[in-house]
Amino acid sequence: VIGIGTGLTTHTLLQSLAIERVETVEIEAAMAEAARGFMPRNSGAFADPRGSILIDDAKSFFSTHARRYELIISEPSNPWVSGVSSLFTREFYRRIREHLTPEGMLVQWIQLYEIDPALVATVMRALGETFAHYAVFAASDHDLLIVAGSAPLPLPARAEVFEHPGLAKELWTVHTLSVGDLDARYVGSRALLEPLFASYGMPANSDYAPVLDLNAARQRFMERSATELVGLLNAEVPLLELLEPGRSRRPVNPLYKGAYGFERIEATRLAWYARDFLIGARSPVPEGVPTQLQKDLELVKLRLLECREPRELDVWLHSALRVARAVNPYLAADDASGIWRSIAAAKCYAGLQDHQRRWIALFGASAARDGARMAQHAAALLAAAPELGAEAREHLVMAALGGHLAVGNRSAALELWNAQKAKLRSPASPAFRLLRCHAEAKSCEAEFSAYAER
């Protein structure tokens with residue numbers, strides 16, 4: 001472990017019955033002594049004989065020790081602190097790689113507050129030049145955990161972690177009660193995310209090109225943020241699953257512990273309520289349901305399931321769009337699809353106009369992660385209604401791009417992007433960047449550089 005902090009990382013690791021030894025390297029002796037002030041919360045770091053605390057600079061430590069580890073965890077201070085950015089460089093990662101076993105893994109923490117996505121990209125490029133494989137997890141809405149290694153990573157997360165009583169207890173304190181809670185925090189693999197990071201056109205952070213060191217302090221004082229990278233987990237269509245098939249989607253804990261602290265789990269809680277409300281499941285109304293969501297659910301139920309006659313200029317289609325955005329990305333395909341199957345089976349469905357039925361079909365295809373049908377319906381709606389509102393257009397473009405890419409039709413995705421990008425409010429957002437760069441990686445860096453100049 002590089003950096004003791006409060007000692008909780010070391011303490012937590014030592015709760016695993018499978019770990020033989022944990023060494024914690026801390027450059028400042030006073031920091032290690034201050035961490036004792038958190039006892040007994042972190043007592044394992046000081047009392048467990050399998051652990052040791054070594055006062056040394058991390059670079060010096062690795063230079064003078066020939067040990068190899070199965071796991072190295074690097075969680076230094078924020079990069080704007082003087083000297084810290086050198087622990088996010090290509091040279092440091094290369095040094096660490098030599099101290100990992102062939103199957104060993106590096107776990108790197110990086111914050112998303114007081115930094116912008118381009119600086120995150122420079123760190124990811126340094127990691128990518130050193131390790132053949134990496135995966136990105138959201139420790140919170142404001143922090144990333146990157147797992148990297150020379151060998152393929154053992155994904156998805158394994159449920160055995162909860163079989164260690166002490167470790168399970170520590171995970172419970174951060175509201176991680178089930179393996180589905182870990183799945184909910186998985187952003188993506190290198191294959192999924194590297195085109196996005198490459199689009200920022202940043203060089204690898206290096207001792208000889210210290211991009212992070214030269215810019216981190218400025219980003220802090222400008223109060224920049226890269227939390228939109230975690231926001232990919234909450235995109236309005238399930239684009240991460242479309243671009244990375246086979247992702248594990250085990251359900252989050254049924255108590256929704258941690259919902260108030262992590263947006264995706266809170267959104268999943270609301271999505272289950274929305275599903276139950278629309279399919280007629282008997283369940284009490286939970287706390288904290290947004291008023292707008294409740295209005296949208298009631299309108300969809302009245303118009304599409306109970307067949308109440310719509311008034312002139314009724315807005316039920318806008319409500320249906322918002323319900324689709326609130327449900328489809330967060331529930332498994334079978335669970336989310338039940339809503340749209342029920343609507344299509346209702347007696348009032350036949351009385352809808354053609355474009356309204358196509359919208360319902362699109363929502364059902366998105367719920368089912370059916371890329372071909374998503375692309376078909378979204379592209380048809382874009383072509384049939386050139387004067388769409390911004391909200392509807394962005395949903396259709398995202399669905400069409402995701403659908404085309406899910407079935408490997410990159411040329412169609414690129415053609416649609418070129419036709420629609422000028423009509424979008426935020427074409428350089430991470431979600432659209434990711435889709436655009438999967439359509440054609442070689443040209444996307446130049447395109448988004450132009451957006452940055454504007």
# chains A, B, ... in the order shown; residues from 1 in each chain; ligands from 1

call {"tool": "residues_around", "arguments": {"residues": "segment 161-169 of chain A", "least_positions_apart": "3", "cutoff": "10 Å", "atoms": "only C-alpha atoms", "output": "list in words"}}
result
His11, Thr12, Leu13, Leu14, Gln15, Ser16, Leu17, Ala18, Ala157, Arg158, Trp172, Thr173, Val174, His175, Thr176, Leu177, Ser178 and Val179 of chain A

call {"tool": "residues_around", "arguments": {"residues": "Ala226 of chain A", "least_positions_apart": "2", "cutoff": "10 Å", "atoms": "only C-alpha atoms", "output": "compact mmCIF listing (two decimals) with N, CA and C atoms, in the first residue's frame"}}
result
# COMPACT_ATOMS: atom_id res chain seq x y z
N GLN A 111 -8.91 11.04 -7.87
CA GLN A 111 -10.14 11.78 -7.61
C GLN A 111 -10.63 12.44 -8.88
N LEU A 112 -11.92 12.74 -8.95
CA LEU A 112 -12.51 13.40 -10.10
C LEU A 112 -12.91 14.83 -9.79
N TYR A 113 -12.74 15.27 -8.58
CA TYR A 113 -12.98 16.67 -8.23
C TYR A 113 -11.66 17.42 -8.35
N GLU A 114 -11.74 18.70 -8.65
CA GLU A 114 -10.57 19.57 -8.78
C GLU A 114 -9.60 19.08 -9.87
N ILE A 115 -10.19 18.50 -10.93
CA ILE A 115 -9.40 18.00 -12.05
C ILE A 115 -10.35 17.92 -13.24
N ASP A 116 -9.83 17.97 -14.46
CA ASP A 116 -10.74 17.85 -15.60
C ASP A 116 -10.49 16.53 -16.33
N PRO A 117 -11.40 16.12 -17.22
CA PRO A 117 -11.24 14.82 -17.87
C PRO A 117 -9.94 14.69 -18.66
N ALA A 118 -9.42 15.78 -19.20
CA ALA A 118 -8.19 15.70 -19.97
C ALA A 118 -7.01 15.27 -19.09
N LEU A 119 -6.98 15.73 -17.85
CA LEU A 119 -5.89 15.32 -16.95
C LEU A 119 -6.07 13.88 -16.50
N VAL A 120 -7.31 13.44 -16.33
CA VAL A 120 -7.53 12.01 -16.08
C VAL A 120 -7.03 11.20 -17.27
N ASP A 141 -19.29 8.76 -6.69
CA ASP A 141 -19.57 9.64 -7.81
C ASP A 141 -18.43 10.62 -8.07
N HIS A 142 -17.42 10.62 -7.19
CA HIS A 142 -16.35 11.63 -7.27
C HIS A 142 -14.95 11.02 -7.31
N ASP A 143 -14.84 9.69 -7.35
CA ASP A 143 -13.53 9.04 -7.31
C ASP A 143 -13.53 7.82 -8.22
N ARG A 224 -12.49 22.73 -11.40
CA ARG A 224 -12.88 21.87 -12.49
C ARG A 224 -13.32 20.51 -11.95
N GLU A 228 -18.22 13.72 -14.74
CA GLU A 228 -19.02 13.25 -15.86
C GLU A 228 -18.52 11.90 -16.39
N LEU A 229 -17.29 11.52 -16.05
CA LEU A 229 -16.81 10.20 -16.45
C LEU A 229 -17.59 9.10 -15.73
N VAL A 230 -17.85 9.29 -14.43
CA VAL A 230 -18.70 8.36 -13.70
C VAL A 230 -20.14 8.46 -14.20
N GLY A 231 -20.50 9.64 -14.70
CA GLY A 231 -21.84 9.84 -15.23
C GLY A 231 -22.18 8.92 -16.39
N PRO A 430 -18.97 13.28 -22.50
CA PRO A 430 -18.34 11.95 -22.52
C PRO A 430 -19.16 10.87 -23.21

call {"tool": "closest_atom_pairs", "arguments": {"of": "segment 52-140 of chain A", "to": "segment 254-269 of chain A", "cutoff": "12 Å", "atoms": "only C-alpha atoms", "output": "tab-separated table"}}
result
residue	atom	partner	partner_atom	distance
A:Ala138	CA	A:Phe262	CA	9.3
A:Ala139	CA	A:Phe262	CA	9.0
A:Ser140	CA	A:Phe262	CA	6.1

call {"tool": "write_last_selection", "arguments": {"atoms": "N, CA, C and O atoms", "output": "compact mmCIF listing (two decimals), in the first residue's frame"}}
result
# COMPACT_ATOMS: atom_id res chain seq x y z
N ALA A 138 -16.04 3.02 -10.26
CA ALA A 138 -16.38 4.25 -9.55
C ALA A 138 -16.45 3.93 -8.06
O ALA A 138 -17.38 3.27 -7.61
N ALA A 139 -15.45 4.37 -7.31
CA ALA A 139 -15.52 4.19 -5.86
C ALA A 139 -16.66 5.02 -5.28
O ALA A 139 -17.28 4.65 -4.28
N SER A 140 -16.93 6.14 -5.93
CA SER A 140 -18.06 7.00 -5.56
C SER A 140 -18.39 7.81 -6.81
O SER A 140 -17.81 7.58 -7.88

call {"tool": "residues_around", "arguments": {"residues": "Leu127 of chain A", "least_positions_apart": "5", "cutoff": "8 Å", "atoms": "only C-alpha atoms", "output": "list in words"}}
result
Thr89, Arg90, Tyr93 and Ala148 of chain A

call {"tool": "closest_atom_pairs", "arguments": {"of": "segment 190-274 of chain A", "to": "segment 299-322 of chain A", "cutoff": "12 Å", "atoms": "only C-alpha atoms", "output": "tab-separated table"}}
result
residue	atom	partner	partner_atom	distance
A:Glu236	CA	A:Arg322	CA	9.0
A:Val237	CA	A:Leu321	CA	10.9
A:Ala271	CA	A:Arg322	CA	11.3
A:Ala274	CA	A:Lys301	CA	10.6

call {"tool": "select_by_dssp", "arguments": {"residues": "segment 164-410 of chain A", "states": "strand (DSSP E or B)", "output": "list of chain:residue names"}}
result
A:Tyr186, A:Val187, A:Gly188, A:Ser189, A:Ser225

call {"tool": "atom_distance", "arguments": {"atom1": "atom CA of Phe137 of chain A", "atom2": "atom CA of Trp109 of chain A"}}
result
9.7 Å

call {"tool": "residues_around", "arguments": {"residues": "segment 411-428 of chain A", "least_positions_apart": "3", "cutoff": "10 Å", "atoms": "only C-alpha atoms", "output": "PyMOL selection string"}}
result
chain A and resi 199+375+379+382+388+390-391+393-394+397-398+400-405+408+431-440+447-449+451-452

call {"tool": "atom_distance", "arguments": {"atom1": "atom CA of Leu193 of chain A", "atom2": "atom CA of Gly371 of chain A"}}
result
19.3 Å

call {"tool": "residues_around", "arguments": {"residues": "segment 95-101 of chain A", "least_positions_apart": "6", "cutoff": "6 Å", "atoms": "only C-alpha atoms", "output": "list in words"}}
result
Arg68, Tyr69 and Glu70 of chain A

call {"tool": "closest_residue", "arguments": {"among": "A:Gln353, A:Gln294, A:Ser342, A:Asn253", "to": "Ile279 of chain A", "atoms": "only C-alpha atoms"}}
result
A:Ser342

call {"tool": "closest_residue", "arguments": {"among": "A:Gly51, A:Gly180, A:Pro154, A:Gly128", "to": "Glu103 of chain A", "atoms": "only C-alpha atoms"}}
result
A:Pro154

call {"tool": "atom_distance", "arguments": {"atom1": "atom CA of Ala392 of chain A", "atom2": "atom CA of Tyr273 of chain A"}}
result
23.7 Å

call {"tool": "closest_residue", "arguments": {"among": "A:Ala121, A:Leu243, A:Ala367, A:Ile73", "to": "Val107 of chain A", "atoms": "only C-alpha atoms"}}
result
A:Ile73

call {"tool": "residues_around", "arguments": {"residues": "Val147 of chain A", "least_positions_apart": "3", "cutoff": "10 Å", "atoms": "only C-alpha atoms", "output": "count of residues only"}}
result
18

call {"tool": "select_by_dssp", "arguments": {"residues": "segment 276-392 of chain A", "states": "helix (DSSP H, G or I)", "output": "ChimeraX atom specification"}}
result
/A:276-279,291-305,316-327,333-345,349-351,354-367,371-384,390-392

call {"tool": "residues_around", "arguments": {"residues": "Ile2 of chain A", "least_positions_apart": "6", "cutoff": "9 Å", "atoms": "only C-alpha atoms", "output": "ChimeraX atom specification"}}
result
/A:23-27,58,72-76

call {"tool": "closest_residue", "arguments": {"among": "A:Ala29, A:Ala235, A:Ala151, A:Val84", "to": "Ser429 of chain A", "atoms": "only C-alpha atoms"}}
result
A:Ala235
